[in-house]
Each structure stands twice: as C-alpha cells, then as structure tokens.
There are 2 protein chains.
Amino acid sequence: MAMGGRKAPEEQRREEILRAAFVVAARDRLTGVTARAVASEAGVSSGLVFFYFHSVDGLLVELLDWLLRTTLVAGELAFLVAAEADPAARMMAVIRRDIERLPRQRARVELFFDYWVLGTRHPEIRNRIRKALDRYRDAFRPLAAAVVQGDPARYAGITAEGLATVAASFVEGCALQVVMDPDRFDVERSMTTLSALVRAPAASLV
Amino acid sequence: MAMGGRKAPEEQRREEILRAAFVVAARDRLTGVTARAVASEAGVSSGLVFFYFHSVDGLLVELLDWLLRTTLVAGELAFLVAAEADPAARMMAVIRRDIERLPRQRARVELFFDYWVLGTRHPEIRNRIRKALDRYRDAFRPLAAAVVQGDPARYAGITAEGLATVAASFVEGCALQVVMDPDRFDVERSMTTLSALVRAPAASLV
DNA sequence: ATCCCTATTGATTGCGCGATCAATAGCCCG
DNA sequence: CGGGCTATTGATCGCGCAATCAATAGGGAT
C-alpha cells in the first residue's frame, strides 16, 4: 500500500510544498492550512508534508519565513524616489508607494495579520513578526532623520526614531483598513490628510 | 443518563455562559472557544451551550456583541476633558486616555483583533467590527471639527472626517503595537511625536 | 544485478470537535 | 398529586485532523 520512488530529485520539493501552502492559506486562511489540504494542492501525499516539515507547526513557521522573504519592504526601493529633493516629500513618496501597494498585496497582508494574531500565543512566530515590523520601521529611519534635520525648527521635539515609528504605524493602520474594508479605503484622502499634517508638499510623483 | 432540572431559573444563564466564554477566549484565544471548554468553565454541560446558542458560531457572534457592549469607546468619556480649553489639546487628551488604557485592556484588545481576523472571512462578524470601528472614528469627529475650526489656516486642506480617521488609525496602530510588544510600547514618545506633528506652527518648509 | 539510501505513499491510529437527542429533574398550574 | 413545560444532562455519532509507519519505488554506487 505504498508506491514511493524518486520522481523529482529536486530538493525544491520543499519549495513546491511551501508554494502550495501559500495558495491554500491565501484561499482558506491559516486555519485551512492542514497537511491534507497542502498535500492535495501540491499534488503529493500528506505523509510527504511531514517528511519535509516535522509538523504542521513547522510548516507554518517556514511559510511565514517564505512569506517575509518574498515580500518587499519599505526602504528596499527607496532609491526609486531618491530624485525627490525635499526629505519630507521623499518620505511621503515612500509611504504613498507602500500604501498604494496594499490593495494588490491584499492576500499577503491578510495572511500577515493572521500570523500576527497567531503570534500573540506562539513565541517563535511572534519573534519573527516583531523583527519584521522592526525592519519595516527601521527602513523609515534614514528618511525620517533627513526630514528632521532638514527643518529642525519645524520638527523640534521629534526624534528620527519617533517619526519613523509614527510613519510605520500609519502604514500599518492603513493595512488594517485595507484588509477590513478595501472598498472604502481612500488612498488620496489618507495621503492628503497626512501631508497636510506634516506640512509637506504632497508628493505627486511615483 | 441525564439529570436535568431547574437549578437557576435565571435567564441570566446566557450571561453566565458568555462570561465563561470570555474567560476561555482571554486564556486560549478564539480557537480555544469550544462548546466543551466553555461549558466546563461555566460549570454546565456542553449540551446547554447549544440550548442557548444554536451553534458555536452563534456563541462567537454573541460573545463579540458582549465584548463590544462591555468595552468603552473614545468619545464616551470625552466630557472628562471638556475642561481643556484648546481643541487640539482636548483631542490629544482623549487620544492619550485611550492609549493609556490599552495595556490594561489588553485581553480585550487581543480578542478584538482575533475577531477582526476572523471577520475577514465571516460577513456577520466583519459587519459588527466595521460598525464598531466606524463608531470609534465618529467619536472623534466633533473633536476633530473643533480642531480644524480653531485654526483654519494651520489645518487648511484637512477635513474633520480626515482628521478623525487619522486619529482613529493612530490609536488602532498603537493597539497593534501594544498587543505585539507591550514592553516596548512607549506612550510618552508616541504622544510627544503626535502632538509635535499636529500642533507645530505652520512651517516655512518649501 | 545487487544493495542501499532517499523519496514517497496511503492506510491507520487516536483525538477532539460540533451537533444531536433521549432521558430526566424540578417547577408551575390545575 | 399528576401532567406539562422548561431547563439540563451526558452519552453518542460522524467527521476531520495531526501524526505514524510499514511498504516500496527507483536511482546511484559497487
């Protein structure tokens, strides 16, 4: 009652299974990520999932890694807006870019929040999420520092750290709204209000 | 093999079960809210849970209602800070009050996010959460309107609606941080940065 | 061509769940 | 005191899950 064999010598079997796991997760959320469902999606037997990942829990952790690995983060493409002369405008442009991407990345964002909730009780996952959020905030730091330095009087009492944190929180808050109510989320209104608050010229580029 | 009977004629049996459900949820998250666990916590049989709530799903929806019903919202105690003369200061005071409460309400906040994630796939729950978030934002509207009216030049281009949305998003973002990493959340720094952003005199930038 | 090692299978075990239901215990009304 | 209604029980059914494991297929080494 078994007919094993070496079909694909590729060690990328793991990758195939992870991709299948993502498909399942994007469709049925984390609770839908069962060994059977993933195996079926990947076209392999359920046993193989346990062969490569010790447990479903192990699969979930590796899926989170995969998710974070294959998702771009704020600062990464910051050079795209290096053209913007004004530091505040540059920061606005980065924020705008990320916010505009949210609707397209919705499946990933939803999944990320799923993990975030799971993380409140799962130390290993919580740590990875914390680090990812820290990375995201840190990506704003150089931009924030430039903003503060560019107009010390205007931003008196604000540290680069604090400004970066607020920027990250703002994007995260938008992510929350996009997931909950995509139709009513208005990128323009959010950006308008934000830039009016910061008193920077609204970044029109990108 | 059954020994029913009228022990507590109180129709508050529902309330008892709901409270038990909250205890279980606060301890084991929503996935831990099983009919058996709740019944055990409430000291009744599992069958009784289905007698009062048709299904576990029904129990979850009513627990959400209970949660929202027994949790205070922003504007509700706004009169407490009515003494503040400056509209912006008043709004800041409300925000600060809510943010300071987050750590104490942590179990509730965590549970709320649990529901929020669940809501992405559960229309009935999503609707209730949407409405709750709308109520929260609307609680900021009068305050936001006063702020804008108080200094039209400073807040040119900002609507009360937009400002209220940003305020709500900010608090929600803080809630996110509190749940994920309570030890590192710094109320003071968040408030300092925020008030510096909102109150700073119109800048010369650009 | 034989052996070994790795990849692979699917039946199987045991568990916990949601939901159902017949049995019944007490209260109220007559 | 006896019947009917409501509240309450826990055994029970069927399901889907995680995880295990003996069986085995096939390529590489010798």
# chains A, B, ... in the order shown; residues from 1 in each chain; ligands from 1
>>> select_by_dssp(residues="range 83-199 of chain B", states="alpha helix (DSSP H)", output="PyMOL selection string")
chain B and resi 87-101+106-119+123-150+160-180+187-199
>>> calpha_fit_rmsd(fixed="chain B", moving="chain A")
4.3 Å
>>> closest_atom_pairs(of="chain D", to="chain A", cutoff="10 Å", atoms="only C-alpha atoms (C1' of nucleotides)", output="Markdown table")
| residue | atom | partner | partner_atom | distance |
| --- | --- | --- | --- | --- |
| D:DG16 | C1' | A:Arg36 | CA | 9.9 |
| D:DC17 | C1' | A:Thr34 | CA | 7.7 |
| D:DA18 | C1' | A:Val56 | CA | 7.6 |
| D:DA19 | C1' | A:Ser55 | CA | 7.9 |
| D:DT20 | C1' | A:Gly47 | CA | 9.1 |
| D:DC21 | C1' | A:Gly47 | CA | 9.9 |
| D:DA22 | C1' | A:Met1 | CA | 8.9 |
| D:DA23 | C1' | A:Ala2 | CA | 5.7 |
| D:DT24 | C1' | A:Met3 | CA | 5.4 |
| D:DA25 | C1' | A:Gly5 | CA | 3.9 |
| D:DG26 | C1' | A:Gly5 | CA | 5.2 |
| D:DG27 | C1' | A:Arg6 | CA | 7.4 |
>>> interface_residues(of="chain C", to="chain A", cutoff="9 Å", atoms="only C-alpha atoms (C1' of nucleotides)", output="PyMOL selection string")
chain C and resi 6-11
>>> interface_residues(of="chain A", to="chain B", cutoff="8 Å", atoms="only C-alpha atoms", output="MDAnalysis selection string")
chainID A and resid 110 113:114 116:117 119:120 126 130 151 154:159 162:163 166 169:170 172:174 179:181 189:190 192:194 196:201
>>> atom_distance(atom1="CA of Ala39 in chain B", atom2="CA of Ile125 in chain B")
22.6 Å
>>> atom_distance(atom1="CA of Ala144 in chain A", atom2="CA of Ala145 in chain B")
28.9 Å
>>> residues_around(residues="Val49 in chain B", least_positions_apart="3", cutoff="12 Å", atoms="only C-alpha atoms (C1' of nucleotides)", output="ChimeraX atom specification")
/B:13-18,20-21,33-46,52-60 /C:18-19 /D:7-9
>>> residues_around(residues="DG4 in chain D", least_positions_apart="3", cutoff="12 Å", atoms="only C-alpha atoms (C1' of nucleotides)", output="number ranges by chain")
C: 27-30
>>> residues_around(residues="range 84-94 of chain B", least_positions_apart="3", cutoff="6 Å", atoms="only C-alpha atoms (C1' of nucleotides)", output="list of chain:residue names")
B:Val81, B:Arg97, B:Leu143, B:Ala146, B:Val147
>>> write_last_selection(atoms="C-alpha atoms", output="CSV table (one decimal), in the first residue's frame")
chain,number,residue,atom,x,y,z
B,81,VAL,CA,-11.6,66.5,29.3
B,97,ARG,CA,-6.6,58.5,27.6
B,143,LEU,CA,-13.3,66.9,18.5
B,146,ALA,CA,-13.3,71.8,16.7
B,147,VAL,CA,-9.6,71.5,16.0
